[in-house]
Amino acid sequence: MWSGTEMLIYREGLAFKPTTDEWSSISLPPGPIRSFEVTA
Amino acid sequence: MRRMLIVVAAAVLAAACEPGSSPMTQVVTDVPMSGTSKGGDPFGEPSSIWAGSWFQPDTTLGRSELLPRLFVAHDEVLVVFEQNRGTTVAGERYDPVTGTATRIASSGLEWRANAAMVWTGDELLVVGGNNGPGIKRIRAAYNPAEDSWRPLPDPPRRLDA
């Protein structure tokens with residue numbers, strides 16, 4: 001999904017920022033995802 | 001917004017069906033945006049939404065795709081065949097104003113299923129997906145303004161899907 005600044009790939013636990021071509025890891029909570037917050 | 005949804009629905013049907021293969025290949029185009037809801041529509045739309053005319057939109061792809069991926073990109077609809085019958089990822093840009101479709105530049109990407117795709121506002125990002133064990137992963141971006149693809153850098157770890 002598109003966050004507005006990054007592509008979030010939940011199944012991979014990754015985020016990609018196309019303006020800088022940078023990847024970053026995202027952490028996911030255990031269990032079903034009901035909400036998700038992106039931090040810089 | 002309703003008109004945009006109808007355009008997207010038109011592109012879905014156009015991409016998913018063989019041209020002329022069945023009446024289902026026809027799509028709603030210009031429909032009234034006002035009307036009186038008379039019930040029976042699970043989405044609560046005015047009943048007059050179904051009173052428009054139908055036509056077969058232009059397409060360059062011309063073959064059925066199990067699950068075409070669609071994105072509203074500026075004033076066009078970007079249609080991507082990621083599986084493309086086991087060949088390469090292909091797509092086209094459909095202009096709903098002129099009713100014309102233009103094939104996009106060749107991606108050179110091996111077919112796949114369930115790739116992550118997003119429209120950023122400038123580019124379509126295509127990452128991951130799978131097409132069997134041992135076949136290389138992909139990551140690329142398509143820029144419709146330049147009709148070109150660019151590779152994306154390696155992720156910090158292997159993409160699993």
# chains A, B, ... in the order shown; residues from 1 in each chain; ligands from 1
>>> interface_residues(of="chain B", to="chain A", cutoff="10 Å", atoms="only C-alpha atoms", output="ChimeraX atom specification")
/B:116-123,125-128,141,152-161
>>> atom_distance(atom1="atom CA of Leu124 of chain B", atom2="atom CA of Trp149 of chain B")
9.2 Å
>>> closest_residue(among="B:Gly62, B:Pro68, B:Gly129, B:Gly91", to="Pro144 of chain B", atoms="only C-alpha atoms")
B:Gly91
>>> atom_distance(atom1="atom CA of Val80 of chain B", atom2="atom CA of Glu92 of chain B")
6.7 Å
